[in-house]
file final-v3.pdb (PDB, C-alpha atoms, pLDDT in the B column)
ATOM      1  CA  MET A 792     -17.838  -1.432  -4.434  1.00 81.00           C
ATOM      2  CA  ARG A 793     -21.175  -0.300  -3.081  1.00 81.00           C
ATOM      3  CA  GLY A 794     -19.446   1.698  -0.348  1.00 81.00           C
ATOM      4  CA  LYS A 795     -17.174   3.320  -2.910  1.00 81.00           C
ATOM      5  CA  ALA A 796     -20.110   4.172  -5.168  1.00 81.00           C
ATOM      6  CA  LEU A 797     -22.036   5.670  -2.262  1.00 81.00           C
ATOM      7  CA  ARG A 798     -19.009   7.747  -1.231  1.00 83.00           C
ATOM      8  CA  GLU A 799     -18.483   8.990  -4.768  1.00 82.00           C
ATOM      9  CA  THR A 800     -22.133   9.989  -5.124  1.00 82.00           C
ATOM     10  CA  GLY A 801     -22.060  12.031  -1.926  1.00 84.00           C
ATOM     11  CA  LYS A 802     -23.942   9.591   0.299  1.00 85.00           C
ATOM     12  CA  ALA A 803     -21.311   9.609   3.020  1.00 84.00           C
ATOM     13  CA  ASP A 804     -23.450   8.265   5.867  1.00 87.00           C
ATOM     14  CA  GLU A 805     -24.630   5.286   3.820  1.00 89.00           C
ATOM     15  CA  ALA A 806     -21.104   4.660   2.545  1.00 89.00           C
ATOM     16  CA  LYS A 807     -19.739   4.784   6.083  1.00 88.00           C
ATOM     17  CA  ALA A 808     -22.327   2.231   7.282  1.00 89.00           C
ATOM     18  CA  VAL A 809     -21.583  -0.135   4.388  1.00 89.00           C
ATOM     19  CA  LEU A 810     -17.796   0.141   4.740  1.00 89.00           C
ATOM     20  CA  ASP A 811     -17.880  -0.194   8.529  1.00 87.00           C
ATOM     21  CA  GLY A 812     -19.963  -3.343   8.064  1.00 86.00           C
ATOM     22  CA  VAL A 813     -17.437  -4.756   5.624  1.00 85.00           C
ATOM     23  CA  LEU A 814     -14.490  -3.907   7.891  1.00 86.00           C
ATOM     24  CA  ALA A 815     -16.238  -5.541  10.867  1.00 86.00           C
ATOM     25  CA  ALA A 816     -16.781  -8.821   9.003  1.00 84.00           C
ATOM     26  CA  PRO A 817     -14.826 -11.586  10.765  1.00 80.00           C
ATOM     27  CA  ARG A 818     -13.650 -13.233   7.539  1.00 77.00           C
ATOM     28  CA  LEU A 819     -12.486 -10.009   5.912  1.00 74.00           C
ATOM     29  CA  LYS A 820      -8.836 -10.903   6.514  1.00 72.00           C
ATOM     30  CA  ASP A 821      -9.316 -13.825   4.100  1.00 73.00           C
ATOM     31  CA  ALA A 822     -10.266 -11.430   1.304  1.00 71.00           C
ATOM     32  CA  GLY A 823      -7.214  -9.169   0.998  1.00 69.00           C
ATOM     33  CA  ASP A 824      -8.379  -7.246  -2.064  1.00 77.00           C
ATOM     34  CA  LEU A 825     -11.659  -6.403  -0.397  1.00 83.00           C
ATOM     35  CA  HIS A 826      -9.946  -5.590   2.909  1.00 86.00           C
ATOM     36  CA  TRP A 827      -7.454  -3.026   1.628  1.00 88.00           C
ATOM     37  CA  LEU A 828     -10.025  -1.413  -0.648  1.00 89.00           C
ATOM     38  CA  ALA A 829     -12.622  -1.104   2.141  1.00 89.00           C
ATOM     39  CA  ALA A 830     -10.005   0.372   4.499  1.00 92.00           C
ATOM     40  CA  TYR A 831      -8.871   2.808   1.805  1.00 92.00           C
ATOM     41  CA  GLU A 832     -12.402   3.957   0.974  1.00 92.00           C
ATOM     42  CA  ARG A 833     -13.249   4.295   4.672  1.00 93.00           C
ATOM     43  CA  GLY A 834     -10.084   6.336   5.117  1.00 94.00           C
ATOM     44  CA  ARG A 835     -11.189   8.666   2.355  1.00 92.00           C
ATOM     45  CA  LEU A 836     -14.477   9.177   4.210  1.00 93.00           C
ATOM     46  CA  ALA A 837     -12.570   9.931   7.419  1.00 93.00           C
ATOM     47  CA  GLU A 838     -10.600  12.546   5.469  1.00 91.00           C
ATOM     48  CA  THR A 839     -13.778  14.274   4.317  1.00 90.00           C
ATOM     49  CA  GLU A 840     -14.979  14.240   7.935  1.00 91.00           C
ATOM     50  CA  GLN A 841     -11.768  16.083   8.894  1.00 92.00           C
ATOM     51  CA  LYS A 842     -10.467  13.134  10.931  1.00 92.00           C
ATOM     52  CA  PRO A 843      -6.840  12.797   9.787  1.00 90.00           C
ATOM     53  CA  ALA A 844      -5.759  10.450  12.599  1.00 90.00           C
ATOM     54  CA  GLU A 845      -8.594   8.039  11.821  1.00 92.00           C
ATOM     55  CA  ALA A 846      -7.858   8.288   8.093  1.00 92.00           C
ATOM     56  CA  ALA A 847      -4.155   7.584   8.662  1.00 92.00           C
ATOM     57  CA  GLU A 848      -4.986   4.507  10.756  1.00 92.00           C
ATOM     58  CA  LEU A 849      -7.288   3.174   8.036  1.00 94.00           C
ATOM     59  CA  TYR A 850      -4.666   3.825   5.352  1.00 92.00           C
ATOM     60  CA  ARG A 851      -2.031   2.113   7.515  1.00 92.00           C
ATOM     61  CA  SER A 852      -4.287  -0.920   7.682  1.00 91.00           C
ATOM     62  CA  ALA A 853      -4.725  -0.881   3.891  1.00 90.00           C
ATOM     63  CA  VAL A 854      -0.947  -0.632   3.321  1.00 88.00           C
ATOM     64  CA  GLU A 855      -0.302  -3.542   5.687  1.00 88.00           C
ATOM     65  CA  VAL A 856      -2.782  -5.724   3.791  1.00 87.00           C
ATOM     66  CA  ILE A 857      -1.291  -4.725   0.425  1.00 83.00           C
ATOM     67  CA  GLU A 858       2.248  -5.492   1.580  1.00 81.00           C
ATOM     68  CA  GLN A 859       1.200  -8.761   3.199  1.00 81.00           C
ATOM     69  CA  GLN A 860      -0.584  -9.819   0.009  1.00 79.00           C
ATOM     70  CA  ARG A 861       2.454  -8.995  -2.094  1.00 74.00           C
ATOM     71  CA  SER A 862       4.727 -11.020   0.172  1.00 72.00           C
ATOM     72  CA  THR A 863       2.639 -14.127  -0.482  1.00 71.00           C
ATOM     73  CA  LEU A 864       3.016 -13.931  -4.257  1.00 68.00           C
ATOM     74  CA  ASN A 865       5.287 -16.722  -5.470  1.00 66.00           C
ATOM     75  CA  THR A 866       6.580 -15.519  -8.800  1.00 65.00           C
ATOM     76  CA  GLU A 867       8.269 -12.350  -9.947  1.00 62.00           C
ATOM     77  CA  ALA A 868       5.727 -12.151 -12.755  1.00 60.00           C
ATOM     78  CA  SER A 869       2.957 -11.989 -10.152  1.00 63.00           C
ATOM     79  CA  LYS A 870       4.779  -9.373  -8.100  1.00 62.00           C
ATOM     80  CA  ILE A 871       5.600  -7.052 -10.985  1.00 62.00           C
ATOM     81  CA  GLY A 872       3.207  -4.172 -10.879  1.00 62.00           C
ATOM     82  CA  PHE A 873       1.198  -5.563  -7.956  1.00 66.00           C
ATOM     83  CA  VAL A 874       1.635  -2.419  -5.882  1.00 65.00           C
ATOM     84  CA  GLY A 875       1.467  -0.138  -8.926  1.00 64.00           C
ATOM     85  CA  ASP A 876      -2.295   0.293  -8.936  1.00 69.00           C
ATOM     86  CA  LYS A 877      -2.307   0.731  -5.168  1.00 79.00           C
ATOM     87  CA  GLN A 878      -0.007   3.770  -5.008  1.00 81.00           C
ATOM     88  CA  ALA A 879      -2.948   6.031  -4.137  1.00 86.00           C
ATOM     89  CA  VAL A 880      -3.123   4.343  -0.727  1.00 88.00           C
ATOM     90  CA  TYR A 881       0.493   5.280  -0.023  1.00 88.00           C
ATOM     91  CA  ALA A 882      -0.102   8.824  -1.320  1.00 89.00           C
ATOM     92  CA  ARG A 883      -3.128   9.376   0.931  1.00 91.00           C
ATOM     93  CA  MET A 884      -1.259   7.878   3.890  1.00 90.00           C
ATOM     94  CA  VAL A 885       1.637  10.278   3.387  1.00 92.00           C
ATOM     95  CA  ALA A 886      -0.741  13.244   3.033  1.00 90.00           C
ATOM     96  CA  MET A 887      -2.521  12.385   6.283  1.00 90.00           C
ATOM     97  CA  LEU A 888       0.735  11.941   8.185  1.00 91.00           C
ATOM     98  CA  ILE A 889       2.037  15.273   6.906  1.00 91.00           C
ATOM     99  CA  ALA A 890      -1.254  16.932   7.887  1.00 88.00           C
ATOM    100  CA  GLN A 891      -0.606  15.687  11.419  1.00 89.00           C
ATOM    101  CA  ASN A 892       3.030  16.862  11.316  1.00 92.00           C
ATOM    102  CA  ARG A 893       4.207  13.228  11.524  1.00 92.00           C
ATOM    103  CA  VAL A 894       6.991  13.863   9.029  1.00 92.00           C
ATOM    104  CA  ARG A 895       9.226  10.925   9.992  1.00 93.00           C
ATOM    105  CA  GLU A 896       6.428   8.434   9.478  1.00 91.00           C
ATOM    106  CA  ALA A 897       5.438  10.125   6.221  1.00 90.00           C
ATOM    107  CA  PHE A 898       9.025   9.837   4.997  1.00 91.00           C
ATOM    108  CA  ASP A 899       9.051   6.128   5.879  1.00 89.00           C
ATOM    109  CA  TYR A 900       5.910   5.524   3.815  1.00 88.00           C
ATOM    110  CA  VAL A 901       7.347   7.479   0.886  1.00 88.00           C
ATOM    111  CA  GLU A 902      10.443   5.284   1.037  1.00 85.00           C
ATOM    112  CA  ARG A 903       8.366   2.106   1.272  1.00 80.00           C
ATOM    113  CA  SER A 904       6.383   3.129  -1.767  1.00 80.00           C
ATOM    114  CA  LYS A 905       9.475   4.082  -3.753  1.00 77.00           C
ATOM    115  CA  SER A 906      11.372   0.917  -2.855  1.00 73.00           C
ATOM    116  CA  ARG A 907       8.437  -1.306  -3.893  1.00 69.00           C
ATOM    117  CA  ALA A 908       8.124   0.556  -7.183  1.00 67.00           C
ATOM    118  CA  LEU A 909      11.884   0.326  -7.815  1.00 69.00           C
ATOM    119  CA  VAL A 910      12.077  -3.395  -7.077  1.00 64.00           C
ATOM    120  CA  ASP A 911       9.067  -4.026  -9.313  1.00 64.00           C
ATOM    121  CA  MET A 912      10.569  -1.931 -12.097  1.00 65.00           C
ATOM    122  CA  LEU A 913      13.939  -3.682 -11.894  1.00 66.00           C
ATOM    123  CA  ALA A 914      12.307  -7.094 -11.737  1.00 61.00           C
ATOM    124  CA  SER A 915      10.370  -6.314 -14.891  1.00 61.00           C
ATOM    125  CA  LYS A 916      13.609  -5.648 -16.789  1.00 63.00           C
ATOM    126  CA  LYS A 917      15.040  -8.944 -17.944  1.00 54.00           C
ATOM    127  CA  ASP A 918      18.535  -7.616 -18.730  1.00 52.00           C
ATOM    128  CA  PHE A 919      18.998  -4.624 -16.472  1.00 52.00           C
ATOM    129  CA  ALA A 920      22.479  -5.755 -15.378  1.00 49.00           C
ATOM    130  CA  VAL A 921      25.564  -4.304 -17.067  1.00 51.00           C
ATOM    131  CA  GLN A 922      27.132  -6.685 -19.610  1.00 54.00           C
ATOM    132  CA  ALA A 923      30.385  -7.030 -17.649  1.00 52.00           C
ATOM    133  CA  ALA A 924      28.572  -7.686 -14.375  1.00 64.00           C
ATOM    134  CA  ASP A 925      27.419 -11.082 -13.158  1.00 67.00           C
ATOM    135  CA  PRO A 926      23.701 -11.227 -14.088  1.00 66.00           C
ATOM    136  CA  ASP A 927      23.044 -14.092 -11.656  1.00 72.00           C
ATOM    137  CA  LYS A 928      24.495 -12.061  -8.804  1.00 73.00           C
ATOM    138  CA  ALA A 929      22.370  -9.075  -9.800  1.00 68.00           C
ATOM    139  CA  ARG A 930      19.252 -11.246  -9.775  1.00 68.00           C
ATOM    140  CA  ARG A 931      20.172 -12.668  -6.361  1.00 73.00           C
ATOM    141  CA  VAL A 932      20.651  -9.168  -4.938  1.00 72.00           C
ATOM    142  CA  LEU A 933      17.306  -8.104  -6.410  1.00 66.00           C
ATOM    143  CA  ALA A 934      15.625 -11.164  -4.879  1.00 69.00           C
ATOM    144  CA  GLU A 935      17.177 -10.299  -1.484  1.00 71.00           C
ATOM    145  CA  LEU A 936      15.919  -6.723  -1.745  1.00 67.00           C
ATOM    146  CA  ASP A 937      12.495  -7.978  -2.704  1.00 63.00           C
ATOM    147  CA  SER A 938      12.249 -10.378   0.216  1.00 63.00           C
ATOM    148  CA  ALA A 939      13.827  -8.122   2.842  1.00 58.00           C
ATOM    149  CA  ASP A 940      11.556  -6.861   5.564  1.00 49.00           C
ATOM    150  CA  TYR A 941      11.104  -3.130   5.561  1.00 47.00           C
ATOM    151  CA  ALA A 942      13.245  -1.422   8.165  1.00 46.00           C
ATOM    152  CA  PRO A 943      13.296   2.364   8.042  1.00 48.00           C
ATOM    153  CA  ALA A 944      16.876   3.483   7.682  1.00 46.00           C
ATOM    154  CA  PHE A 945      16.292   7.207   7.979  1.00 43.00           C
ATOM    155  CA  ARG A 946      15.511   9.004  11.205  1.00 40.00           C
ATOM    156  CA  MET A 947      15.215  12.759  11.598  1.00 42.00           C
TER     157      MET A 947
END

call {"tool": "encode", "arguments": {"input": "final-v3.pdb", "output": "structure tokens"}}
result
Amino acid sequence: MRGKALRETGKADEAKAVLDGVLAAPRLKDAGDLHWLAAYERGRLAETEQKPAEAAELYRSAVEVIEQQRSTLNTEASKIGFVGDKQAVYARMVAMLIAQNRVREAFDYVERSKSRALVDMLASKKDFAVQAADPDKARRVLAELDSADYAPAFRM
């Protein structure tokens, strides 16, 4: 939070030192919330320094942590909305990839973000299945979608 506060108050060099220190901590991987947030904030600093490749790499790291954290959640109730407050990471990642003319990768991240949001939205609806349909089958399909590894289906 200190790094974020320093960045937001225009103290970029201090923020960079704090965030780099956090990201270099050996036990950071054990603190997922801190890890993705530090990577995201550091990525924002890289953006202001006009370093889109560095920013994209930091955002990629943040997305990986977010998605890994979500995959460890055991209940649908825990998963619902988990990614919702982290959409800014995906948005910044897409912006940096587009800035580097890496359109295919940007598209993949857009799709990842949309699919997570869709699965979360559907999971939050208790009776989203049509009355004539088999609700158990619909829930099984949703669970399969939720647990499936991301594999980009679209290639330009």

call {"tool": "residues_near_point", "arguments": {"input": "final-v3.pdb", "point": "(9.6, 13.3, 3.9)", "cutoff": "10 Å", "atoms": "only C-alpha atoms", "output": "PyMOL selection string"}}
result
chain A and resi 885+888-889+893-902+945+947

call {"tool": "atom_distance", "arguments": {"input": "final-v3.pdb", "atom1": "CA of Leu825 (chain A)", "atom2": "CA of Val813 (chain A)"}}
result
8.5 Å

call {"tool": "atom_distance", "arguments": {"input": "final-v3.pdb", "atom1": "CA of Ala822 (chain A)", "atom2": "CA of Lys807 (chain A)"}}
result
19.4 Å

call {"tool": "resolve_selection", "arguments": {"input": "final-v3.pdb", "expression": "the PyMOL selection byres ((chain A and resi 841-854) around 6)", "output": "list in words"}}
result
Trp827, Ala830, Tyr831, Gly834, Ala837, Glu838, Thr839, Glu840, Glu855, Val856, Ile857, Met884 and Met887 of chain A

call {"tool": "write_last_selection", "arguments": {"input": "final-v3.pdb", "atoms": "C-alpha atoms", "output": "short mmCIF file (atom, residue, chain, number, x, y, z; two decimals), in the coordinates of the input"}}
result
data_model
loop_
_atom_site.label_atom_id
_atom_site.label_comp_id
_atom_site.auth_asym_id
_atom_site.auth_seq_id
_atom_site.Cartn_x
_atom_site.Cartn_y
_atom_site.Cartn_z
CA TRP A 827 -7.45 -3.03 1.63
CA ALA A 830 -10.01 0.37 4.50
CA TYR A 831 -8.87 2.81 1.80
CA GLY A 834 -10.08 6.34 5.12
CA ALA A 837 -12.57 9.93 7.42
CA GLU A 838 -10.60 12.55 5.47
CA THR A 839 -13.78 14.27 4.32
CA GLU A 840 -14.98 14.24 7.94
CA GLU A 855 -0.30 -3.54 5.69
CA VAL A 856 -2.78 -5.72 3.79
CA ILE A 857 -1.29 -4.72 0.42
CA MET A 884 -1.26 7.88 3.89
CA MET A 887 -2.52 12.38 6.28
#

call {"tool": "atom_distance", "arguments": {"input": "final-v3.pdb", "atom1": "CA of Asp804 (chain A)", "atom2": "CA of Ala829 (chain A)"}}
result
14.8 Å

call {"tool": "closest_residue", "arguments": {"input": "final-v3.pdb", "among": "A:Val932, A:Ala879, A:Ala886, A:Leu836", "to": "Ala806 (chain A)", "atoms": "all atoms listed in the file"}}
result
A:Leu836

call {"tool": "closest_residue", "arguments": {"input": "final-v3.pdb", "among": "A:Glu858, A:Asp927, A:Gly812, A:Arg798", "to": "Ser906 (chain A)", "atoms": "all atoms listed in the file"}}
result
A:Glu858

call {"tool": "axis_aligned_box", "arguments": {"input": "final-v3.pdb", "around": "region 857-863 of chain A", "padding_each_side": "6 Å", "output": "JSON"}}
result
{"center_x": 1.7, "center_y": -9.4, "center_z": 0.6, "size_x": 18.0, "size_y": 21.4, "size_z": 17.3}
